[in-house]
$ cat input_39.cif   # mmCIF, C-alpha atoms
data_protein
loop_
_atom_site.label_atom_id
_atom_site.label_comp_id
_atom_site.auth_asym_id
_atom_site.auth_seq_id
_atom_site.Cartn_x
_atom_site.Cartn_y
_atom_site.Cartn_z
CA MET Z 1163 101.92 91.05 69.98
CA ALA Z 1164 98.17 91.52 70.00
CA SER Z 1165 95.88 92.52 72.79
CA THR Z 1166 92.57 90.86 73.54
CA SER Z 1167 89.03 91.83 74.29
CA LEU Z 1168 86.99 90.59 77.23
CA ALA Z 1169 84.72 88.73 74.85
CA ALA Z 1170 87.53 86.26 74.19
CA LEU Z 1171 88.02 85.36 77.83
CA PRO Z 1172 84.94 83.72 79.42
CA SER Z 1173 86.05 80.17 78.64
CA GLN Z 1174 89.47 80.80 80.15
CA LEU Z 1175 88.45 82.85 83.20
CA ALA Z 1176 86.61 80.09 84.97
CA SER Z 1177 84.65 80.14 88.18
CA PRO Z 1178 86.53 80.47 91.49
CA GLY Z 1179 88.69 77.48 92.22
CA ARG Z 1180 91.63 76.38 94.28
CA LEU Z 1181 94.72 76.77 92.13
CA ARG Z 1182 98.04 75.27 93.15
CA LEU Z 1183 100.91 77.06 91.48
CA ARG Z 1184 103.71 74.82 90.30
CA ARG Z 1185 107.00 75.49 88.67
CA GLY Z 1186 109.44 73.28 86.88
CA ARG Z 1187 113.18 73.37 86.41
CA ALA Z 1188 113.16 77.06 85.59
CA GLY Z 1189 112.99 77.87 89.30
CA LEU Z 1190 115.98 78.22 91.61
CA PRO Z 1191 119.33 76.93 90.32
CA SER Z 1192 120.45 73.70 91.92
CA THR Z 1193 123.21 75.50 93.83
CA ALA Z 1194 120.87 78.02 95.46
CA ARG Z 1195 119.77 77.81 99.07
CA PRO Z 1196 116.25 76.31 99.35
CA HIS Z 1197 113.64 78.97 99.96
CA PRO Z 1198 110.75 78.43 102.41
CA LEU Z 1199 108.13 79.19 99.74
CA LEU Z 1200 109.91 77.11 97.13
CA HIS Z 1201 109.62 73.38 97.70
CA ARG Z 1202 112.56 71.47 96.24
CA THR Z 1203 111.51 68.60 94.02
CA PRO Z 1204 113.46 65.31 93.90
CA LYS Z 1205 114.76 66.13 90.41
CA GLY Z 1206 116.22 69.46 91.48
CA GLY Z 1207 113.42 71.71 90.29
CA SER Z 1208 111.22 73.86 92.49
CA ARG Z 1209 107.61 74.76 92.86
CA CYS Z 1210 105.73 77.30 94.90
CA ARG Z 1211 103.94 75.45 97.69
CA LEU Z 1212 101.45 78.24 98.43
CA ALA Z 1213 97.92 77.52 97.26
CA VAL Z 1214 96.16 80.55 95.85
CA THR Z 1215 92.43 81.08 95.54
CA CYS Z 1216 91.74 83.04 92.39
CA ASN Z 1217 89.28 83.31 89.55
CA ALA Z 1218 91.86 83.77 86.81
CA GLN Z 1219 93.09 80.36 85.78
CA ALA Z 1220 96.50 80.07 84.13
CA VAL Z 1221 95.96 80.33 80.37
CA ALA Z 1222 98.35 79.56 77.53
CA PRO Z 1223 98.93 82.60 75.31
CA THR Z 1224 97.94 80.61 72.23
CA SER Z 1225 94.37 80.30 73.54
CA ILE Z 1226 93.81 84.05 73.45
CA ALA Z 1227 91.93 85.45 70.48
CA GLN Z 1228 93.85 87.99 68.44
CA GLY Z 1229 92.70 91.57 68.81
CA THR Z 1230 93.96 94.98 67.77
CA PRO Z 1231 97.61 95.82 68.52
CA VAL Z 1232 98.19 97.96 71.59
CA ARG Z 1233 100.32 101.09 71.70
CA PRO Z 1234 103.69 100.73 73.50
CA THR Z 1235 102.81 103.91 75.40
CA SER Z 1236 99.73 102.37 77.09
CA ILE Z 1237 100.58 101.45 80.68
CA LEU Z 1238 98.71 100.32 83.77
CA VAL Z 1239 100.06 101.48 87.14
CA VAL Z 1240 98.99 99.26 90.02
CA GLY Z 1241 99.23 100.93 93.41
CA ALA Z 1242 99.05 104.39 91.83
CA THR Z 1243 98.06 106.25 95.02
CA GLY Z 1244 101.09 105.13 97.02
CA THR Z 1245 104.34 106.99 97.72
CA LEU Z 1246 106.09 105.47 94.71
CA GLY Z 1247 103.04 104.85 92.53
CA ARG Z 1248 102.03 108.50 92.30
CA GLN Z 1249 105.56 109.46 91.21
CA VAL Z 1250 105.48 106.75 88.55
CA VAL Z 1251 102.17 108.17 87.29
CA ARG Z 1252 103.51 111.73 87.21
CA ARG Z 1253 106.66 110.69 85.38
CA ALA Z 1254 104.74 108.60 82.86
CA LEU Z 1255 102.36 111.47 82.05
CA ASP Z 1256 105.27 113.92 81.73
CA GLU Z 1257 106.92 111.56 79.23
CA GLY Z 1258 103.79 111.23 77.11
CA TYR Z 1259 102.50 107.81 78.16
CA ASP Z 1260 98.81 106.92 78.19
CA VAL Z 1261 98.37 106.12 81.87
CA ARG Z 1262 95.66 103.96 83.39
CA CYS Z 1263 95.64 103.60 87.18
CA LEU Z 1264 94.25 100.57 89.00
CA VAL Z 1265 92.75 101.87 92.24
CA ARG Z 1266 90.64 100.10 94.81
CA PRO Z 1267 87.11 101.42 95.32
CA ARG Z 1268 87.45 103.89 98.18
CA PRO Z 1269 85.39 106.51 100.04
CA ALA Z 1270 87.81 109.25 98.95
CA PRO Z 1271 88.23 108.91 95.16
CA ALA Z 1272 91.71 109.36 93.68
CA ASP Z 1273 90.66 112.55 91.92
CA PHE Z 1274 94.21 113.91 91.88
CA LEU Z 1275 95.17 111.18 89.39
CA ARG Z 1276 92.39 112.28 87.04
CA ASP Z 1277 93.38 115.91 87.52
CA TRP Z 1278 96.89 115.02 86.36
CA GLY Z 1279 95.49 113.42 83.18
CA ALA Z 1280 95.42 109.71 84.04
CA THR Z 1281 92.50 107.34 83.62
CA VAL Z 1282 91.34 105.67 86.84
CA VAL Z 1283 89.76 102.20 86.90
CA ASN Z 1284 88.44 100.49 90.01
CA ALA Z 1285 89.64 96.98 90.82
CA ASP Z 1286 90.93 95.03 93.80
CA LEU Z 1287 93.80 92.52 93.71
CA SER Z 1288 92.09 90.58 96.49
CA LYS Z 1289 89.16 90.06 94.06
CA PRO Z 1290 90.79 88.52 90.96
CA GLU Z 1291 87.59 88.67 88.91
CA THR Z 1292 87.98 92.47 88.81
CA ILE Z 1293 91.47 92.36 87.23
CA PRO Z 1294 91.02 91.34 83.54
CA ALA Z 1295 88.98 94.40 82.49
CA THR Z 1296 91.78 96.70 83.67
CA LEU Z 1297 94.30 95.04 81.33
CA VAL Z 1298 92.41 95.43 78.05
CA GLY Z 1299 94.47 97.57 75.65
CA ILE Z 1300 97.50 97.69 77.97
CA HIS Z 1301 101.10 97.15 76.82
CA THR Z 1302 103.02 97.44 80.12
CA VAL Z 1303 102.06 96.84 83.74
CA ILE Z 1304 104.01 98.68 86.45
CA ASP Z 1305 103.34 97.02 89.79
CA CYS Z 1306 103.87 99.39 92.74
CA ALA Z 1307 101.18 97.86 94.95
CA THR Z 1308 101.48 96.48 98.44
CA GLY Z 1309 98.92 95.56 101.07
CA ARG Z 1310 97.57 97.97 103.64
CA PRO Z 1311 98.88 97.68 107.21
CA GLU Z 1312 95.56 96.29 108.46
CA GLU Z 1313 95.50 93.49 105.84
CA PRO Z 1314 97.10 90.05 105.99
CA ILE Z 1315 100.34 90.29 104.02
CA ARG Z 1316 99.55 87.32 101.78
CA THR Z 1317 96.18 88.67 100.59
CA VAL Z 1318 97.56 91.34 98.25
CA ASP Z 1319 101.31 90.75 98.14
CA TRP Z 1320 101.07 87.07 97.25
CA GLU Z 1321 97.59 85.91 96.23
CA GLY Z 1322 96.67 89.19 94.54
CA LYS Z 1323 99.98 89.47 92.73
CA VAL Z 1324 99.82 85.88 91.45
CA ALA Z 1325 96.34 86.55 90.03
CA LEU Z 1326 97.57 89.77 88.41
CA ILE Z 1327 100.60 88.06 86.85
CA GLN Z 1328 98.46 85.19 85.54
CA CYS Z 1329 95.99 87.63 83.99
CA ALA Z 1330 98.85 89.64 82.48
CA LYS Z 1331 100.24 86.51 80.86
CA ALA Z 1332 96.84 85.33 79.65
CA MET Z 1333 95.99 88.69 78.07
CA GLY Z 1334 99.26 89.19 76.24
CA ILE Z 1335 100.79 91.97 78.35
CA GLN Z 1336 104.19 92.66 76.79
CA LYS Z 1337 106.15 93.96 79.78
CA TYR Z 1338 105.76 93.61 83.54
CA VAL Z 1339 107.69 95.85 85.95
CA PHE Z 1340 107.78 94.67 89.55
CA TYR Z 1341 109.20 96.51 92.57
CA SER Z 1342 110.77 94.29 95.19
CA ILE Z 1343 112.95 94.73 98.30
CA HIS Z 1344 116.75 94.65 98.38
CA ASN Z 1345 118.13 91.53 100.10
CA CYS Z 1346 114.70 89.85 100.09
CA ASP Z 1347 116.42 86.57 99.15
CA LYS Z 1348 118.52 86.72 102.33
CA HIS Z 1349 115.71 87.02 104.88
CA PRO Z 1350 113.24 84.12 104.54
CA GLU Z 1351 112.29 84.62 108.20
CA VAL Z 1352 110.49 87.86 107.24
CA PRO Z 1353 107.12 87.09 105.57
CA LEU Z 1354 107.00 90.21 103.38
CA MET Z 1355 110.55 89.70 102.09
CA GLU Z 1356 109.91 85.99 101.63
CA ILE Z 1357 106.82 86.75 99.53
CA LYS Z 1358 108.67 89.38 97.47
CA TYR Z 1359 111.38 86.86 96.64
CA CYS Z 1360 108.89 84.15 95.71
CA THR Z 1361 106.99 86.64 93.53
CA GLU Z 1362 110.23 87.45 91.74
CA LYS Z 1363 110.70 83.76 90.96
CA PHE Z 1364 107.07 83.42 89.84
CA ILE Z 1365 107.46 86.34 87.40
CA GLN Z 1366 110.73 84.94 86.06
CA ASP Z 1367 109.05 81.59 85.40
CA SER Z 1368 105.85 83.11 83.94
CA GLY Z 1369 107.15 83.68 80.42
CA LEU Z 1370 106.45 87.42 80.63
CA ASP Z 1371 109.00 90.00 79.55
CA TYR Z 1372 109.84 91.65 82.84
CA ILE Z 1373 112.04 94.04 84.79
CA ILE Z 1374 112.40 93.41 88.53
CA ILE Z 1375 113.63 96.38 90.55
CA ARG Z 1376 114.77 95.92 94.13
CA LEU Z 1377 114.60 99.03 96.29
CA CYS Z 1378 116.41 99.93 99.52
CA GLY Z 1379 114.38 102.79 100.98
CA PHE Z 1380 112.52 106.00 100.06
CA MET Z 1381 113.62 109.47 101.14
CA GLN Z 1382 109.97 110.50 101.36
CA GLY Z 1383 109.42 108.15 104.29
CA LEU Z 1384 111.92 110.09 106.40
CA ILE Z 1385 109.76 113.22 106.42
CA GLY Z 1386 107.00 111.75 108.57
CA GLN Z 1387 109.37 109.57 110.57
CA TYR Z 1388 111.98 112.16 111.53
CA ALA Z 1389 111.62 115.64 109.98
CA VAL Z 1390 108.07 116.46 111.07
CA PRO Z 1391 108.38 115.12 114.65
CA ILE Z 1392 111.58 117.14 115.14
CA LEU Z 1393 109.90 120.32 113.91
CA GLU Z 1394 106.89 119.64 116.14
CA GLU Z 1395 109.14 118.78 119.11
CA LYS Z 1396 107.67 115.29 119.36
CA SER Z 1397 109.44 112.03 120.07
CA VAL Z 1398 111.50 110.45 117.31
CA TRP Z 1399 111.72 106.67 117.45
CA GLY Z 1400 114.93 104.85 116.64
CA THR Z 1401 116.88 101.71 117.50
CA ASP Z 1402 120.31 100.96 118.86
CA ALA Z 1403 121.32 99.00 115.73
CA PRO Z 1404 123.85 100.17 113.08
CA THR Z 1405 121.60 99.42 110.10
CA ARG Z 1406 122.53 101.47 107.04
CA ILE Z 1407 120.05 102.29 104.27
CA ALA Z 1408 120.79 103.93 100.90
CA TYR Z 1409 117.62 106.00 100.56
CA MET Z 1410 116.54 107.13 97.08
CA ASP Z 1411 114.09 109.83 96.01
CA THR Z 1412 110.97 108.22 94.53
CA GLN Z 1413 111.18 110.70 91.64
CA ASP Z 1414 114.60 109.24 90.75
CA VAL Z 1415 113.18 105.71 91.08
CA ALA Z 1416 110.41 106.59 88.63
CA ARG Z 1417 112.82 108.26 86.19
CA LEU Z 1418 115.22 105.31 86.18
CA THR Z 1419 112.29 102.92 85.75
CA PHE Z 1420 111.21 104.48 82.46
CA ILE Z 1421 114.79 104.63 81.23
CA ALA Z 1422 115.04 100.89 81.95
CA MET Z 1423 111.72 100.19 80.20
CA ARG Z 1424 113.03 101.77 77.00
CA ASN Z 1425 116.38 99.97 77.19
CA GLU Z 1426 116.38 96.55 75.52
CA LYS Z 1427 119.43 95.55 77.56
CA ALA Z 1428 117.34 95.81 80.74
CA ALA Z 1429 114.82 93.22 79.55
CA LYS Z 1430 114.46 90.28 81.95
CA LYS Z 1431 116.96 91.86 84.33
CA LEU Z 1432 116.90 92.08 88.12
CA LEU Z 1433 118.14 95.56 89.03
CA THR Z 1434 118.76 97.18 92.40
CA PHE Z 1435 118.25 100.93 92.83
CA ALA Z 1436 120.14 102.46 95.75
CA GLY Z 1437 120.87 106.03 96.77
CA PRO Z 1438 124.35 107.61 96.69
CA ARG Z 1439 125.11 106.79 100.34
CA ALA Z 1440 123.89 104.45 103.09
CA TRP Z 1441 122.79 106.14 106.33
CA THR Z 1442 122.24 104.94 109.88
CA THR Z 1443 119.19 106.13 111.82
CA GLN Z 1444 121.36 108.29 114.07
CA GLU Z 1445 123.04 109.94 111.07
CA VAL Z 1446 119.63 110.79 109.59
CA ILE Z 1447 118.44 112.25 112.91
CA THR Z 1448 121.63 114.30 113.28
CA LEU Z 1449 121.21 115.67 109.75
CA CYS Z 1450 117.58 116.62 110.46
CA GLU Z 1451 118.59 118.31 113.72
CA ARG Z 1452 121.22 120.40 111.94
CA LEU Z 1453 118.86 121.46 109.14
CA ALA Z 1454 115.95 122.15 111.53
CA GLY Z 1455 118.15 124.10 113.92
CA GLN Z 1456 116.87 122.21 116.96
CA ASP Z 1457 117.52 119.01 118.89
CA ALA Z 1458 115.42 115.87 118.55
CA ASN Z 1459 113.68 114.10 121.41
CA VAL Z 1460 114.92 110.58 120.59
CA THR Z 1461 113.32 107.46 122.10
CA THR Z 1462 115.52 104.43 121.47
CA VAL Z 1463 113.94 100.98 121.19
CA PRO Z 1464 116.47 98.17 121.75
CA VAL Z 1465 116.47 95.47 119.06
CA ALA Z 1466 116.01 92.87 121.83
CA VAL Z 1467 112.62 94.41 122.63
CA LEU Z 1468 111.51 94.07 118.99
CA ARG Z 1469 112.53 90.41 118.99
CA PHE Z 1470 110.70 89.69 122.25
CA THR Z 1471 107.56 91.51 121.08
CA ARG Z 1472 107.56 89.57 117.83
CA GLN Z 1473 107.81 86.22 119.65
CA LEU Z 1474 105.08 87.24 122.11
CA THR Z 1475 102.61 88.20 119.38
CA ARG Z 1476 103.11 84.82 117.69
CA PHE Z 1477 101.16 83.19 120.55
CA PHE Z 1478 97.91 84.85 119.46
CA GLN Z 1479 96.28 84.28 116.09
CA TRP Z 1480 94.87 87.82 115.89
CA THR Z 1481 98.38 89.30 116.22
CA ASN Z 1482 100.07 87.19 113.54
CA ASP Z 1483 100.08 90.06 111.03
CA VAL Z 1484 101.56 92.37 113.66
CA ALA Z 1485 104.31 89.80 114.22
CA ASP Z 1486 104.94 89.62 110.47
CA ARG Z 1487 105.48 93.36 110.29
CA LEU Z 1488 107.61 93.37 113.44
CA ALA Z 1489 109.81 90.78 111.72
CA PHE Z 1490 110.43 93.30 108.94
CA SER Z 1491 111.15 96.00 111.54
CA GLU Z 1492 113.62 93.65 113.19
CA VAL Z 1493 115.57 93.23 109.95
CA LEU Z 1494 115.60 96.99 109.42
CA SER Z 1495 116.95 97.30 112.95
CA SER Z 1496 119.69 94.69 112.61
CA ASP Z 1497 123.32 95.04 111.60
CA THR Z 1498 122.42 95.10 107.91
CA VAL Z 1499 123.37 97.33 105.00
CA PHE Z 1500 120.55 98.04 102.53
CA SER Z 1501 122.65 99.33 99.68
CA ALA Z 1502 124.23 98.13 96.46
CA PRO Z 1503 126.90 99.34 94.01
CA MET Z 1504 125.22 101.34 91.24
CA ASN Z 1505 128.06 101.80 88.75
CA GLU Z 1506 127.01 98.90 86.50
CA THR Z 1507 123.36 99.96 86.64
CA TYR Z 1508 124.22 103.56 85.73
CA GLN Z 1509 126.34 102.29 82.85
CA LEU Z 1510 123.60 99.94 81.63
CA LEU Z 1511 120.98 102.69 81.71
CA GLY Z 1512 123.25 105.48 80.51
CA VAL Z 1513 122.65 107.56 83.64
CA ASP Z 1514 125.05 110.03 85.26
CA ALA Z 1515 125.46 109.32 88.98
CA ASN Z 1516 125.57 113.07 89.64
CA ASP Z 1517 121.96 113.34 88.48
CA ILE Z 1518 120.74 111.23 91.43
CA LEU Z 1519 119.51 113.35 94.32
CA SER Z 1520 121.41 112.96 97.59
CA LEU Z 1521 119.67 112.72 100.96
CA GLU Z 1522 121.42 115.88 102.14
CA LYS Z 1523 120.04 117.89 99.22
CA TYR Z 1524 116.57 116.35 99.56
CA LEU Z 1525 116.25 117.17 103.27
CA GLN Z 1526 117.88 120.57 102.83
CA ASP Z 1527 115.27 121.52 100.22
CA TYR Z 1528 112.48 120.24 102.49
CA PHE Z 1529 113.59 122.12 105.60
CA THR Z 1530 114.34 125.30 103.62
CA ASN Z 1531 110.84 125.30 102.14
CA ILE Z 1532 108.99 124.33 105.33
CA LEU Z 1533 110.87 126.79 107.54
CA LYS Z 1534 110.19 129.60 105.04
CA LYS Z 1535 106.48 128.73 105.06
CA LEU Z 1536 106.40 128.66 108.87
CA LYS Z 1537 108.13 132.04 108.94
CA ASP Z 1538 105.62 133.48 106.47
CA ILE Z 1539 102.69 132.09 108.49
CA LYS Z 1540 104.11 133.57 111.67
CA ALA Z 1541 104.55 136.95 109.99
CA GLN Z 1542 100.97 136.88 108.64
CA SER Z 1543 99.55 135.95 112.04
CA LYS Z 1544 101.29 138.95 113.60
CA GLN Z 1545 99.85 141.26 110.96
CA THR Z 1546 96.30 140.05 111.59
CA ASP Z 1547 96.45 140.16 115.41
CA ILE Z 1548 93.63 142.31 116.85
CA PHE Z 1549 94.10 144.02 120.16
CA PHE Z 1550 91.34 145.53 122.31
#
$ encode --input "input_39.cif" --output "structure tokens"
Amino acid sequence: MASTSLAALPSQLASPGRLRLRRGRAGLPSTARPHPLLHRTPKGGSRCRLAVTCNAQAVAPTSIAQGTPVRPTSILVVGATGTLGRQVVRRALDEGYDVRCLVRPRPAPADFLRDWGATVVNADLSKPETIPATLVGIHTVIDCATGRPEEPIRTVDWEGKVALIQCAKAMGIQKYVFYSIHNCDKHPEVPLMEIKYCTEKFIQDSGLDYIIIRLCGFMQGLIGQYAVPILEEKSVWGTDAPTRIAYMDTQDVARLTFIAMRNEKAAKKLLTFAGPRAWTTQEVITLCERLAGQDANVTTVPVAVLRFTRQLTRFFQWTNDVADRLAFSEVLSSDTVFSAPMNETYQLLGVDANDILSLEKYLQDYFTNILKKLKDIKAQSKQTDIFF
């Protein structure tokens, strides 16, 4: 497959226009439950009923001029500064890939990515005209991006992703890796999960070679949510729901991703990555308390309060995005298990389950290191005390 140069694209990348994305029979199977973003057609097909404003019009691959072949090691990481994205970048560089990172223009440049050896290019998924230049010479796109908390969910996670996928198809990208959310197909009432599911379907219908990876939860997120507040004797927020989440270390997610990329059997597969065990909030807090050697100040928020708050914010237009995110919090606080059997995935990828880091070991290493540092700091402060 050949790449393309920007010179071949002006006639295809037209001026901004309203583009309605449609899909034919390759959408949901006729036996599947209708999805809110997928409008069922009379003949049993489906189409996405969201209209997307973008500059990159859908282009047939045959209209792209042939250029020089791209190296299979050339990858573009979208969302490279995030919790998962930076681990994907590190892993890719360690394995010898040529890594380009798509980063939004920002006051604080992502210099750490350059220091690691990656190339940084500025673009913004909410401005589709900035996307094509980032894809020149790229073989594989790894999409780790998600919108910022202050942004409308649809701006990046739907409209931006559709523009990116269309550009990837138009420019002959040979593999597209997309990170989604476990059980997103079961919660159409949650905008973010609804959009993730519809994006999965859009990728599957795009004609791209893809790998879709659904994730349950990151271990790294527990540090700021539970470990640090316990050490600082601050309040830890939890709910009264028995939700269980199989957290996975983002380093393991990145490692398994590249194993899947090199495995032909993983092509056009939907995989779920889950940690060795599913944990409730209370179990995580108890583990942190034991490792920290001190009790947590737990503030419990009843699920009923989350539901009421979500309904209340729906009355005001300026709080719609807050309500969308509260809907996701409500799912995470319900009687749901975010986990999946991994035996078949390990077998497919040739991975030993014992090589996946457990939450106990992850938190034990964190608390051991942080408590040692605190002890050293305390010892140094005593040595430098001056008395008059």
$ closest_residue --input "input_39.cif" --among "Z:Ile1447, Z:Val1339, Z:Val1303, Z:Val1390" --to "Z:Ala1422" --atoms "only C-alpha atoms"
Z:Val1339
$ resolve_selection --input "input_39.cif" --expression "the PyMOL selection byres ((chain Z and resi 1337) around 6)" --output "ChimeraX atom specification"
/Z:1302,1335-1336,1338,1371-1372
$ residues_near_point --input "input_39.cif" --point "(122.0, 105.3, 104.5)" --cutoff "8 Å" --atoms "all atoms listed in the file" --output "ChimeraX atom specification"
/Z:1406-1409,1437,1439-1443,1446,1500-1501
$ closest_residue --input "input_39.cif" --among "Z:Asn1425, Z:Ser1342, Z:Thr1462, Z:Thr1412" --to "Z:Ser1520" --atoms "only C-alpha atoms"
Z:Thr1412
$ atom_distance --input "input_39.cif" --atom1 "atom CA of Z:Asn1345" --atom2 "atom CA of Z:Met1410"
16.0 Å
$ resolve_selection --input "input_39.cif" --expression "the PyMOL selection byres ((chain Z and resi 1316) around 10)" --output "list of chain:residue names"
Z:Leu1212, Z:Val1214, Z:Ser1288, Z:Thr1308, Z:Gly1309, Z:Glu1313, Z:Pro1314, Z:Ile1315, Z:Thr1317, Z:Val1318, Z:Asp1319, Z:Trp1320, Z:Glu1321, Z:Gly1322, Z:Lys1323, Z:Pro1353, Z:Leu1354, Z:Ile1357, Z:Asp1483
$ residues_near_point --input "input_39.cif" --point "(108.2, 83.4, 85.2)" --cutoff "10 Å" --atoms "all atoms listed in the file" --output "ChimeraX atom specification"
/Z:1185,1188-1189,1327-1328,1331,1361-1372,1430
$ atom_distance --input "input_39.cif" --atom1 "atom CA of Z:Leu1519" --atom2 "atom CA of Z:Ile1421"
16.4 Å
$ atom_distance --input "input_39.cif" --atom1 "atom CA of Z:Glu1312" --atom2 "atom CA of Z:Arg1266"
15.0 Å
$ closest_residue --input "input_39.cif" --among "Z:Glu1291, Z:Thr1419, Z:Met1381, Z:Lys1431" --to "Z:Lys1523" --atoms "all atoms listed in the file"
Z:Met1381
$ resolve_selection --input "input_39.cif" --expression "the PyMOL selection byres ((chain Z and resi 1525) around 10)" --output "short mmCIF file (atom, residue, chain, number, x, y, z; two decimals) with C-alpha atoms, in the coordinates of the input"
data_model
loop_
_atom_site.label_atom_id
_atom_site.label_comp_id
_atom_site.auth_asym_id
_atom_site.auth_seq_id
_atom_site.Cartn_x
_atom_site.Cartn_y
_atom_site.Cartn_z
CA MET Z 1381 113.62 109.47 101.14
CA GLN Z 1382 109.97 110.50 101.36
CA LEU Z 1384 111.92 110.09 106.40
CA ILE Z 1385 109.76 113.22 106.42
CA ALA Z 1389 111.62 115.64 109.98
CA VAL Z 1446 119.63 110.79 109.59
CA LEU Z 1449 121.21 115.67 109.75
CA CYS Z 1450 117.58 116.62 110.46
CA LEU Z 1453 118.86 121.46 109.14
CA ALA Z 1454 115.95 122.15 111.53
CA SER Z 1520 121.41 112.96 97.59
CA LEU Z 1521 119.67 112.72 100.96
CA GLU Z 1522 121.42 115.88 102.14
CA LYS Z 1523 120.04 117.89 99.22
CA TYR Z 1524 116.57 116.35 99.56
CA GLN Z 1526 117.88 120.57 102.83
CA ASP Z 1527 115.27 121.52 100.22
CA TYR Z 1528 112.48 120.24 102.49
CA PHE Z 1529 113.59 122.12 105.60
CA THR Z 1530 114.34 125.30 103.62
CA ASN Z 1531 110.84 125.30 102.14
#
